[in-house]
$ cat query-v3.pdb   # PDB, C-alpha atoms
ATOM      1  CA  MET A 869      75.694  90.866  69.917  1.00  0.00           C
ATOM      2  CA  SER A 870      77.825  93.041  67.672  1.00  0.00           C
ATOM      3  CA  LYS A 871      78.423  92.229  64.026  1.00  0.00           C
ATOM      4  CA  ALA A 872      82.089  91.544  64.821  1.00  0.00           C
ATOM      5  CA  GLN A 873      81.158  89.108  67.588  1.00  0.00           C
ATOM      6  CA  GLN A 874      78.644  87.340  65.347  1.00  0.00           C
ATOM      7  CA  PHE A 875      81.207  87.084  62.562  1.00  0.00           C
ATOM      8  CA  LYS A 876      83.796  85.472  64.839  1.00  0.00           C
ATOM      9  CA  LEU A 877      81.193  83.033  66.152  1.00  0.00           C
ATOM     10  CA  ASN A 878      80.266  82.034  62.607  1.00  0.00           C
ATOM     11  CA  VAL A 879      83.782  81.152  61.485  1.00  0.00           C
ATOM     12  CA  ASN A 880      84.736  79.538  64.783  1.00  0.00           C
ATOM     13  CA  LEU A 881      83.670  75.980  63.957  1.00  0.00           C
ATOM     14  CA  SER A 882      85.588  75.873  60.684  1.00  0.00           C
ATOM     15  CA  ASP A 883      88.586  77.332  62.423  1.00  0.00           C
ATOM     16  CA  ARG A 884      88.514  74.681  65.136  1.00  0.00           C
ATOM     17  CA  LEU A 885      88.364  71.976  62.487  1.00  0.00           C
ATOM     18  CA  ALA A 886      91.214  73.566  60.531  1.00  0.00           C
ATOM     19  CA  ASN A 887      93.321  73.818  63.679  1.00  0.00           C
ATOM     20  CA  TYR A 888      92.686  70.148  64.350  1.00  0.00           C
ATOM     21  CA  LEU A 889      93.383  68.978  60.799  1.00  0.00           C
ATOM     22  CA  ILE A 890      96.698  70.784  60.586  1.00  0.00           C
ATOM     23  CA  THR A 891      97.898  68.646  63.476  1.00  0.00           C
ATOM     24  CA  GLN A 892      96.900  65.517  61.511  1.00  0.00           C
ATOM     25  CA  PRO A 893      99.241  65.433  58.505  1.00  0.00           C
ATOM     26  CA  ASP A 894      98.274  61.838  57.711  1.00  0.00           C
ATOM     27  CA  ILE A 895      94.625  62.805  57.295  1.00  0.00           C
ATOM     28  CA  LEU A 896      95.515  65.873  55.246  1.00  0.00           C
ATOM     29  CA  LYS A 897      97.695  63.722  53.044  1.00  0.00           C
ATOM     30  CA  LYS A 898      95.071  60.992  52.755  1.00  0.00           C
ATOM     31  CA  TYR A 899      92.395  63.493  51.688  1.00  0.00           C
ATOM     32  CA  SER A 900      94.752  65.846  49.921  1.00  0.00           C
ATOM     33  CA  GLY A 901      92.960  68.570  48.012  1.00  0.00           C
ATOM     34  CA  CYS A 902      89.539  67.557  49.351  1.00  0.00           C
ATOM     35  CA  SER A 903      86.861  69.916  50.594  1.00  0.00           C
ATOM     36  CA  TYR A 904      85.698  69.320  54.154  1.00  0.00           C
ATOM     37  CA  ILE A 905      82.122  70.266  54.917  1.00  0.00           C
ATOM     38  CA  VAL A 906      81.233  70.958  58.525  1.00  0.00           C
ATOM     39  CA  PHE A 907      77.481  71.410  58.114  1.00  0.00           C
ATOM     40  CA  SER A 908      74.648  71.477  55.607  1.00  0.00           C
ATOM     41  CA  TYR A 909      76.432  68.784  53.670  1.00  0.00           C
ATOM     42  CA  LYS A 910      73.170  66.982  52.961  1.00  0.00           C
ATOM     43  CA  ASN A 911      72.071  69.473  50.376  1.00  0.00           C
ATOM     44  CA  GLU A 912      75.378  69.928  48.665  1.00  0.00           C
ATOM     45  CA  GLU A 913      76.516  68.333  45.460  1.00  0.00           C
ATOM     46  CA  LEU A 914      80.074  69.428  45.050  1.00  0.00           C
ATOM     47  CA  GLY A 915      80.819  67.056  42.198  1.00  0.00           C
ATOM     48  CA  LYS A 916      84.021  65.915  43.897  1.00  0.00           C
ATOM     49  CA  THR A 917      85.055  63.819  46.853  1.00  0.00           C
ATOM     50  CA  VAL A 918      84.209  65.566  50.085  1.00  0.00           C
ATOM     51  CA  VAL A 919      84.717  64.695  53.729  1.00  0.00           C
ATOM     52  CA  ARG A 920      81.953  64.998  56.276  1.00  0.00           C
ATOM     53  CA  ALA A 921      83.317  66.424  59.543  1.00  0.00           C
ATOM     54  CA  GLN A 922      81.230  65.958  62.671  1.00  0.00           C
ATOM     55  CA  GLU A 923      82.327  67.601  65.899  1.00  0.00           C
ATOM     56  CA  THR A 924      82.100  65.438  69.043  1.00  0.00           C
ATOM     57  CA  SER A 925      82.274  66.212  72.748  1.00  0.00           C
ATOM     58  CA  ASN A 926      85.215  63.855  73.197  1.00  0.00           C
ATOM     59  CA  PRO A 927      88.439  65.878  73.649  1.00  0.00           C
ATOM     60  CA  ASP A 928      90.520  62.828  72.703  1.00  0.00           C
ATOM     61  CA  ASN A 929      88.657  62.407  69.442  1.00  0.00           C
ATOM     62  CA  PRO A 930      87.138  65.813  68.696  1.00  0.00           C
ATOM     63  CA  TRP A 931      86.124  65.146  65.092  1.00  0.00           C
ATOM     64  CA  ILE A 932      84.654  62.208  63.181  1.00  0.00           C
ATOM     65  CA  LEU A 933      85.723  62.370  59.535  1.00  0.00           C
ATOM     66  CA  THR A 934      83.830  60.405  56.916  1.00  0.00           C
ATOM     67  CA  PRO A 935      84.633  60.621  53.218  1.00  0.00           C
ATOM     68  CA  ILE A 936      81.595  60.943  50.955  1.00  0.00           C
ATOM     69  CA  TYR A 937      81.975  59.706  47.429  1.00  0.00           C
ATOM     70  CA  ASN A 938      79.676  61.285  44.851  1.00  0.00           C
TER      71      ASN A 938
ATOM     72  CA  MET B 794      82.383  64.669  11.964  1.00  0.00           C
ATOM     73  CA  LYS B 795      82.894  65.708  15.573  1.00  0.00           C
ATOM     74  CA  LYS B 796      80.861  68.584  16.793  1.00  0.00           C
ATOM     75  CA  ILE B 797      82.930  71.419  18.113  1.00  0.00           C
ATOM     76  CA  LYS B 798      81.669  72.375  21.547  1.00  0.00           C
ATOM     77  CA  GLU B 799      81.104  76.076  21.498  1.00  0.00           C
ATOM     78  CA  ASN B 800      82.042  78.127  24.522  1.00  0.00           C
ATOM     79  CA  PHE B 801      79.170  80.375  25.428  1.00  0.00           C
ATOM     80  CA  LYS B 802      80.817  81.681  28.589  1.00  0.00           C
ATOM     81  CA  LYS B 803      82.486  85.035  28.866  1.00  0.00           C
ATOM     82  CA  ARG B 804      84.870  85.278  31.815  1.00  0.00           C
ATOM     83  CA  HIS B 805      85.505  88.467  33.773  1.00  0.00           C
ATOM     84  CA  LEU B 806      88.475  88.753  36.144  1.00  0.00           C
ATOM     85  CA  SER B 807      89.306  91.726  38.380  1.00  0.00           C
ATOM     86  CA  GLU B 808      91.618  92.496  41.269  1.00  0.00           C
ATOM     87  CA  ILE B 809      91.243  94.719  44.298  1.00  0.00           C
ATOM     88  CA  ILE B 810      94.523  95.586  45.987  1.00  0.00           C
ATOM     89  CA  LEU B 811      94.126  95.703  49.764  1.00  0.00           C
ATOM     90  CA  SER B 812      97.798  96.278  50.536  1.00  0.00           C
ATOM     91  CA  ASN B 813     101.204  95.237  49.190  1.00  0.00           C
ATOM     92  CA  SER B 814     100.716  91.708  50.440  1.00  0.00           C
ATOM     93  CA  ASN B 815      96.954  91.225  50.247  1.00  0.00           C
ATOM     94  CA  LYS B 816      94.529  91.322  47.370  1.00  0.00           C
ATOM     95  CA  ILE B 817      91.092  90.186  46.295  1.00  0.00           C
ATOM     96  CA  ILE B 818      90.633  88.476  42.950  1.00  0.00           C
ATOM     97  CA  TYR B 819      87.108  87.979  41.705  1.00  0.00           C
ATOM     98  CA  VAL B 820      85.991  86.064  38.663  1.00  0.00           C
ATOM     99  CA  TYR B 821      82.542  85.621  37.214  1.00  0.00           C
ATOM    100  CA  ASN B 822      81.171  84.080  34.050  1.00  0.00           C
ATOM    101  CA  ASP B 823      78.421  85.352  31.815  1.00  0.00           C
ATOM    102  CA  ASP B 824      76.690  82.467  30.091  1.00  0.00           C
ATOM    103  CA  LEU B 825      75.800  84.014  26.770  1.00  0.00           C
ATOM    104  CA  LYS B 826      73.370  81.231  26.001  1.00  0.00           C
ATOM    105  CA  THR B 827      71.302  81.220  29.192  1.00  0.00           C
ATOM    106  CA  LYS B 828      71.999  84.870  30.099  1.00  0.00           C
ATOM    107  CA  GLN B 829      72.902  83.671  33.604  1.00  0.00           C
ATOM    108  CA  THR B 830      75.920  84.881  35.551  1.00  0.00           C
ATOM    109  CA  GLU B 831      77.897  82.599  37.836  1.00  0.00           C
ATOM    110  CA  ILE B 832      80.406  83.692  40.462  1.00  0.00           C
ATOM    111  CA  VAL B 833      83.459  81.552  39.788  1.00  0.00           C
ATOM    112  CA  SER B 834      85.301  82.828  42.844  1.00  0.00           C
ATOM    113  CA  VAL B 835      85.959  85.793  45.096  1.00  0.00           C
ATOM    114  CA  SER B 836      89.272  85.074  46.755  1.00  0.00           C
ATOM    115  CA  LEU B 837      91.610  86.486  49.369  1.00  0.00           C
ATOM    116  CA  ASN B 838      95.210  86.139  48.247  1.00  0.00           C
ATOM    117  CA  ILE B 839      98.234  86.824  50.416  1.00  0.00           C
ATOM    118  CA  LYS B 840     101.827  87.112  49.350  1.00  0.00           C
ATOM    119  CA  ILE B 841     104.140  84.440  50.745  1.00  0.00           C
ATOM    120  CA  LEU B 842     107.687  84.718  49.481  1.00  0.00           C
ATOM    121  CA  ASP B 843     107.056  85.884  45.910  1.00  0.00           C
ATOM    122  CA  ASN B 844     103.900  83.873  45.395  1.00  0.00           C
ATOM    123  CA  TRP B 845     100.260  84.811  45.793  1.00  0.00           C
ATOM    124  CA  VAL B 846      98.494  82.158  47.848  1.00  0.00           C
ATOM    125  CA  THR B 847      94.710  81.888  47.969  1.00  0.00           C
ATOM    126  CA  ILE B 848      93.766  81.323  51.593  1.00  0.00           C
ATOM    127  CA  LEU B 849      90.012  81.796  51.284  1.00  0.00           C
ATOM    128  CA  TYR B 850      87.489  82.004  48.499  1.00  0.00           C
ATOM    129  CA  TYR B 851      83.776  82.225  47.910  1.00  0.00           C
ATOM    130  CA  ASP B 852      81.856  80.578  45.114  1.00  0.00           C
ATOM    131  CA  ASN B 853      78.259  79.765  44.359  1.00  0.00           C
ATOM    132  CA  HIS B 854      78.735  76.660  42.236  1.00  0.00           C
ATOM    133  CA  HIS B 855      76.570  74.502  44.445  1.00  0.00           C
ATOM    134  CA  GLU B 856      72.886  75.108  43.840  1.00  0.00           C
ATOM    135  CA  GLY B 857      73.533  78.822  43.541  1.00  0.00           C
ATOM    136  CA  LEU B 858      74.308  79.143  47.245  1.00  0.00           C
ATOM    137  CA  LEU B 859      77.331  81.145  48.265  1.00  0.00           C
ATOM    138  CA  HIS B 860      79.994  79.153  50.157  1.00  0.00           C
ATOM    139  CA  ARG B 861      83.231  80.043  51.865  1.00  0.00           C
ATOM    140  CA  HIS B 862      86.266  77.795  51.311  1.00  0.00           C
ATOM    141  CA  ASN B 863      89.077  78.127  53.870  1.00  0.00           C
ATOM    142  CA  LYS B 864      92.497  76.770  52.980  1.00  0.00           C
ATOM    143  CA  ILE B 865      93.711  74.659  55.865  1.00  0.00           C
ATOM    144  CA  SER B 866      97.412  74.259  55.309  1.00  0.00           C
ATOM    145  CA  TYR B 867     100.066  76.175  53.419  1.00  0.00           C
ATOM    146  CA  ASP B 868     101.361  72.977  51.819  1.00  0.00           C
ATOM    147  CA  ASN B 869      98.057  71.295  50.894  1.00  0.00           C
ATOM    148  CA  GLU B 870      95.100  72.353  48.769  1.00  0.00           C
ATOM    149  CA  ALA B 871      92.491  70.853  51.113  1.00  0.00           C
ATOM    150  CA  ASN B 872      89.923  73.340  52.315  1.00  0.00           C
ATOM    151  CA  ILE B 873      86.946  73.606  54.617  1.00  0.00           C
ATOM    152  CA  VAL B 874      83.621  74.621  53.144  1.00  0.00           C
ATOM    153  CA  ASP B 875      81.176  76.541  55.266  1.00  0.00           C
ATOM    154  CA  ASN B 876      78.376  78.987  54.849  1.00  0.00           C
ATOM    155  CA  GLU B 877      77.746  80.120  58.403  1.00  0.00           C
ATOM    156  CA  GLY B 878      77.044  83.822  58.370  1.00  0.00           C
ATOM    157  CA  VAL B 879      77.329  83.870  54.586  1.00  0.00           C
ATOM    158  CA  LYS B 880      74.714  85.593  52.491  1.00  0.00           C
ATOM    159  CA  LYS B 881      73.342  82.519  50.773  1.00  0.00           C
ATOM    160  CA  LYS B 882      70.807  83.727  48.270  1.00  0.00           C
ATOM    161  CA  GLY B 883      70.233  86.703  46.085  1.00  0.00           C
ATOM    162  CA  ASP B 884      71.098  87.752  42.598  1.00  0.00           C
ATOM    163  CA  TRP B 885      74.707  87.327  41.587  1.00  0.00           C
ATOM    164  CA  LYS B 886      75.498  91.041  41.900  1.00  0.00           C
ATOM    165  CA  LYS B 887      74.390  91.139  45.522  1.00  0.00           C
ATOM    166  CA  LEU B 888      76.309  87.942  46.339  1.00  0.00           C
ATOM    167  CA  LEU B 889      79.421  89.222  44.587  1.00  0.00           C
ATOM    168  CA  HIS B 890      79.207  92.546  46.420  1.00  0.00           C
ATOM    169  CA  TRP B 891      78.626  90.782  49.745  1.00  0.00           C
ATOM    170  CA  ALA B 892      81.659  88.486  49.278  1.00  0.00           C
ATOM    171  CA  ILE B 893      83.947  91.356  48.308  1.00  0.00           C
ATOM    172  CA  GLU B 894      82.835  93.461  51.256  1.00  0.00           C
ATOM    173  CA  ASP B 895      83.234  90.520  53.638  1.00  0.00           C
ATOM    174  CA  ILE B 896      86.837  90.014  52.583  1.00  0.00           C
ATOM    175  CA  LYS B 897      87.569  93.746  52.663  1.00  0.00           C
ATOM    176  CA  ASN B 898      86.206  94.002  56.194  1.00  0.00           C
ATOM    177  CA  ASN B 899      87.682  90.777  57.577  1.00  0.00           C
ATOM    178  CA  TYR B 900      90.807  89.942  55.618  1.00  0.00           C
ATOM    179  CA  ILE B 901      93.157  90.711  58.504  1.00  0.00           C
ATOM    180  CA  TYR B 902      91.185  88.345  60.713  1.00  0.00           C
ATOM    181  CA  TYR B 903      91.202  85.585  58.058  1.00  0.00           C
ATOM    182  CA  LYS B 904      94.909  86.085  57.435  1.00  0.00           C
ATOM    183  CA  LYS B 905      95.759  86.108  61.127  1.00  0.00           C
ATOM    184  CA  LYS B 906      93.943  82.805  61.615  1.00  0.00           C
ATOM    185  CA  PHE B 907      95.688  81.224  58.633  1.00  0.00           C
ATOM    186  CA  LEU B 908      99.158  82.403  59.656  1.00  0.00           C
ATOM    187  CA  TYR B 909      98.668  81.294  63.250  1.00  0.00           C
ATOM    188  CA  ARG B 910      97.457  77.871  62.127  1.00  0.00           C
ATOM    189  CA  ASN B 911     100.457  77.526  59.804  1.00  0.00           C
ATOM    190  CA  ARG B 912     102.996  79.082  62.170  1.00  0.00           C
ATOM    191  CA  PHE B 913     105.198  75.986  62.216  1.00  0.00           C
ATOM    192  CA  LEU B 914     105.138  75.532  58.452  1.00  0.00           C
ATOM    193  CA  LEU B 915     105.935  79.211  57.957  1.00  0.00           C
ATOM    194  CA  LYS B 916     108.376  79.640  60.824  1.00  0.00           C
ATOM    195  CA  ASP B 917     111.340  80.375  58.545  1.00  0.00           C
ATOM    196  CA  ILE B 918     109.373  82.449  56.065  1.00  0.00           C
ATOM    197  CA  LYS B 919     108.732  86.128  56.534  1.00  0.00           C
ATOM    198  CA  VAL B 920     105.106  87.019  55.850  1.00  0.00           C
ATOM    199  CA  GLU B 921     103.552  90.450  56.277  1.00  0.00           C
ATOM    200  CA  LYS B 922     100.974  90.249  59.071  1.00  0.00           C
ATOM    201  CA  PHE B 923      98.764  93.004  57.675  1.00  0.00           C
TER     202      PHE B 923
END
$ encode --input "query-v3.pdb" --output "C-alpha cells"
Amino acid sequence: MSKAQQFKLNVNLSDRLANYLITQPDILKKYSGCSYIVFSYKNEELGKTVVRAQETSNPDNPWILTPIYN
Amino acid sequence: MKKIKENFKKRHLSEIILSNSNKIIYVYNDDLKTKQTEIVSVSLNIKILDNWVTILYYDNHHEGLLHRHNKISYDNEANIVDNEGVKKKGDWKKLLHWAIEDIKNNYIYYKKKFLYRNRFLLKDIKVEKF
C-alpha cells in the first residue's frame, strides 16, 4: 500500500463522522465547540467535555454519540 | 499579599505560506522553569472571505501524544480528534517537523474534504480550491 493510500485510509473514519455530523445540526448545536474522539478515548484527558463517537453497522443509525464529562 | 503568578513560558509563533489562500501557523512554548517545550498547535488555515479559518490543527497537550483536530463545520467550533497515522511520540522537534510536513504534503486533500463537507454552507461564498 502506498503512503498516499495509507494516509487516506487513516483519515477516513474521522471524515465519515464529520460528514455525518454536518447533517445533524441539532447535535452540532447541542455539543457546540466540543471535541469528538473516534478512538483511543480511554487514555485521553482533554480537560474539557468530549463526545465519544462509536461507529455502528446500522446505516440508519451509523454513530452512537455519548458525551463524557471530565 | 497575593502572590503574583509568574509566567515561565516563552511563546514562539511562526507562519508558513503555502499559497495566497492557505497557510500553516505553528506555535510552541518553552517552559523556562522545566526546560520542556510544548507544541501549542500546528494549524492549517484557509482564507474564506477575508478571514483565516483554522480547519485542522495538531497539538500534543494530552499526555504528550500528538493529535489531529479536524474542524467539522464552517459555522461551529466543534472538531474531531484523531491520531490515526499520526506520529505519536518523539521529542517535540520531531513531532513539530512531522506535523508541518504532514500539512504541507496533504493540505489540498484536507481542504478539499472540508470544502466538500461544507459545500451547502459555503455555496454563496467563493473559496479558492487550492
$ closest_residue --input "query-v3.pdb" --among "B:Lys922, B:Lys880, B:Arg910, B:Lys828" --to "chain A" --atoms "all atoms listed in the file"
B:Arg910
$ closest_residue --input "query-v3.pdb" --among "B:Lys882, B:Lys906, B:Lys802, B:Lys887" --to "chain A" --atoms "all atoms listed in the file"
B:Lys906
$ atom_distance --input "query-v3.pdb" --atom1 "CA of Glu921 in chain B" --atom2 "CA of Gln892 in chain A"
26.3 Å
$ closest_atom_pairs --input "query-v3.pdb" --of "chain B" --to "chain A" --cutoff "12 Å" --atoms "all atoms listed in the file" --output "CSV"
residue,atom,partner,partner_atom,distance
B:Leu849,CA,A:Ser882,CA,12.0
B:Asp852,CA,A:Leu914,CA,11.3
B:Asn853,CA,A:Leu914,CA,10.5
B:His854,CA,A:Leu914,CA,7.9
B:His855,CA,A:Leu914,CA,6.2
B:Glu856,CA,A:Glu912,CA,7.5
B:Gly857,CA,A:Glu912,CA,10.4
B:Leu858,CA,A:Glu912,CA,9.4
B:Leu859,CA,A:Glu912,CA,11.4
B:His860,CA,A:Ile905,CA,10.3
B:Arg861,CA,A:Val879,CA,9.7
B:His862,CA,A:Ser903,CA,7.9
B:Asn863,CA,A:Ser882,CA,8.0
B:Lys864,CA,A:Ala886,CA,8.3
B:Ile865,CA,A:Ala886,CA,5.4
B:Ser866,CA,A:Ile890,CA,6.4
B:Tyr867,CA,A:Ile890,CA,9.6
B:Asp868,CA,A:Leu896,CA,9.8
B:Asn869,CA,A:Ser900,CA,6.4
B:Glu870,CA,A:Gly901,CA,4.4
B:Ala871,CA,A:Gly901,CA,3.9
B:Asn872,CA,A:Ser903,CA,4.9
B:Ile873,CA,A:Tyr904,CA,4.5
B:Val874,CA,A:Ile905,CA,4.9
B:Asp875,CA,A:Ile905,CA,6.4
B:Asn876,CA,A:Phe907,CA,8.3
B:Glu877,CA,A:Asn878,CA,5.3
B:Gly878,CA,A:Asn878,CA,5.6
B:Val879,CA,A:Asn878,CA,8.7
B:Asp895,CA,A:Phe875,CA,9.8
B:Ile896,CA,A:Phe875,CA,11.8
B:Asn898,CA,A:Ala872,CA,9.9
B:Asn899,CA,A:Phe875,CA,9.0
B:Tyr902,CA,A:Lys876,CA,8.9
B:Tyr903,CA,A:Val879,CA,9.3
B:Lys904,CA,A:Asp883,CA,11.9
B:Lys905,CA,A:Asp883,CA,11.4
B:Lys906,CA,A:Asp883,CA,7.7
B:Phe907,CA,A:Asp883,CA,8.9
B:Leu908,CA,A:Asn887,CA,11.1
B:Tyr909,CA,A:Asn887,CA,9.2
B:Arg910,CA,A:Asn887,CA,6.0
B:Asn911,CA,A:Ile890,CA,7.8
B:Arg912,CA,A:Ile890,CA,10.5
B:Phe913,CA,A:Ile890,CA,10.1
B:Leu914,CA,A:Ile890,CA,9.9
$ closest_residue --input "query-v3.pdb" --among "B:Leu842, B:Leu806, B:Ile818, B:Val835" --to "Lys919 in chain B" --atoms "only C-alpha atoms"
B:Leu842
$ atom_distance --input "query-v3.pdb" --atom1 "CA of Asn929 in chain A" --atom2 "CA of Lys898 in chain A"
17.9 Å
$ atom_distance --input "query-v3.pdb" --atom1 "CA of Ser836 in chain B" --atom2 "CA of Ile901 in chain B"
13.6 Å
$ resolve_selection --input "query-v3.pdb" --expression "the PyMOL selection byres ((chain B and resi 840) around 12)" --output "list in words"
Ile810, Leu811, Ser812, Asn813, Ser814, Asn815, Lys816, Ile817, Leu837, Asn838, Ile839, Ile841, Leu842, Asp843, Asn844, Trp845, Val846, Thr847, Ile848, Tyr867, Lys904, Leu908, Ile918, Lys919, Val920, Glu921, Lys922 and Phe923 of chain B
$ resolve_selection --input "query-v3.pdb" --expression "the PyMOL selection byres ((chain B and resi 825) around 10)" --output "number ranges by chain"
B: 800-803, 822-824, 826-830
$ resolve_selection --input "query-v3.pdb" --expression "the PyMOL selection byres ((chain B and resi 820) around 6)" --output "count of residues only"
6
$ axis_aligned_box --input "query-v3.pdb" --around "range 861-867 of chain B" --padding-each-side "5 Å" --output "lines of an AutoDock Vina configuration file"
center_x = 91.6
center_y = 77.2
center_z = 53.6
size_x = 26.8
size_y = 15.8
size_z = 14.6
$ build_atoms --input "query-v3.pdb" --residues "range 892-907 of chain A" --atoms "N, CA and C atoms" --output "mmCIF file, in the frame of the given file"
data_model
loop_
_atom_site.group_PDB
_atom_site.id
_atom_site.type_symbol
_atom_site.label_atom_id
_atom_site.label_comp_id
_atom_site.auth_asym_id
_atom_site.auth_seq_id
_atom_site.Cartn_x
_atom_site.Cartn_y
_atom_site.Cartn_z
ATOM 1 N N GLN A 892 97.093 66.901 61.981
ATOM 2 C CA GLN A 892 96.900 65.517 61.511
ATOM 3 C C GLN A 892 97.412 65.401 60.067
ATOM 4 N N PRO A 893 98.710 65.451 59.878
ATOM 5 C CA PRO A 893 99.241 65.433 58.505
ATOM 6 C C PRO A 893 98.854 64.185 57.718
ATOM 7 N N ASP A 894 98.662 63.064 58.417
ATOM 8 C CA ASP A 894 98.274 61.838 57.711
ATOM 9 C C ASP A 894 96.889 61.974 57.089
ATOM 10 N N ILE A 895 95.984 62.601 57.822
ATOM 11 C CA ILE A 895 94.625 62.805 57.295
ATOM 12 C C ILE A 895 94.667 63.798 56.135
ATOM 13 N N LEU A 896 95.410 64.883 56.323
ATOM 14 C CA LEU A 896 95.515 65.873 55.246
ATOM 15 C C LEU A 896 96.096 65.250 53.984
ATOM 16 N N LYS A 897 97.081 64.374 54.197
ATOM 17 C CA LYS A 897 97.695 63.722 53.044
ATOM 18 C C LYS A 897 96.716 62.736 52.403
ATOM 19 N N LYS A 898 96.017 62.000 53.249
ATOM 20 C CA LYS A 898 95.071 60.992 52.755
ATOM 21 C C LYS A 898 93.968 61.654 51.927
ATOM 22 N N TYR A 899 93.474 62.793 52.394
ATOM 23 C CA TYR A 899 92.395 63.493 51.688
ATOM 24 C C TYR A 899 92.931 64.780 51.057
ATOM 25 N N SER A 900 94.100 64.668 50.492
ATOM 26 C CA SER A 900 94.752 65.846 49.921
ATOM 27 C C SER A 900 93.872 66.521 48.864
ATOM 28 N N GLY A 901 93.727 67.812 49.000
ATOM 29 C CA GLY A 901 92.960 68.570 48.012
ATOM 30 C C GLY A 901 91.461 68.465 48.159
ATOM 31 N N CYS A 902 90.992 67.713 49.168
ATOM 32 C CA CYS A 902 89.539 67.557 49.351
ATOM 33 C C CYS A 902 88.928 68.794 50.011
ATOM 34 N N SER A 903 87.622 68.901 49.876
ATOM 35 C CA SER A 903 86.861 69.916 50.594
ATOM 36 C C SER A 903 86.166 69.263 51.779
ATOM 37 N N TYR A 904 86.361 69.813 52.952
ATOM 38 C CA TYR A 904 85.698 69.320 54.154
ATOM 39 C C TYR A 904 84.463 70.185 54.402
ATOM 40 N N ILE A 905 83.353 69.517 54.660
ATOM 41 C CA ILE A 905 82.122 70.266 54.917
ATOM 42 C C ILE A 905 81.725 70.043 56.363
ATOM 43 N N VAL A 906 81.519 71.110 57.106
ATOM 44 C CA VAL A 906 81.233 70.958 58.525
ATOM 45 C C VAL A 906 79.738 71.006 58.832
ATOM 46 N N PHE A 907 78.924 71.395 57.877
ATOM 47 C CA PHE A 907 77.481 71.410 58.114
ATOM 48 C C PHE A 907 76.767 71.583 56.781
#
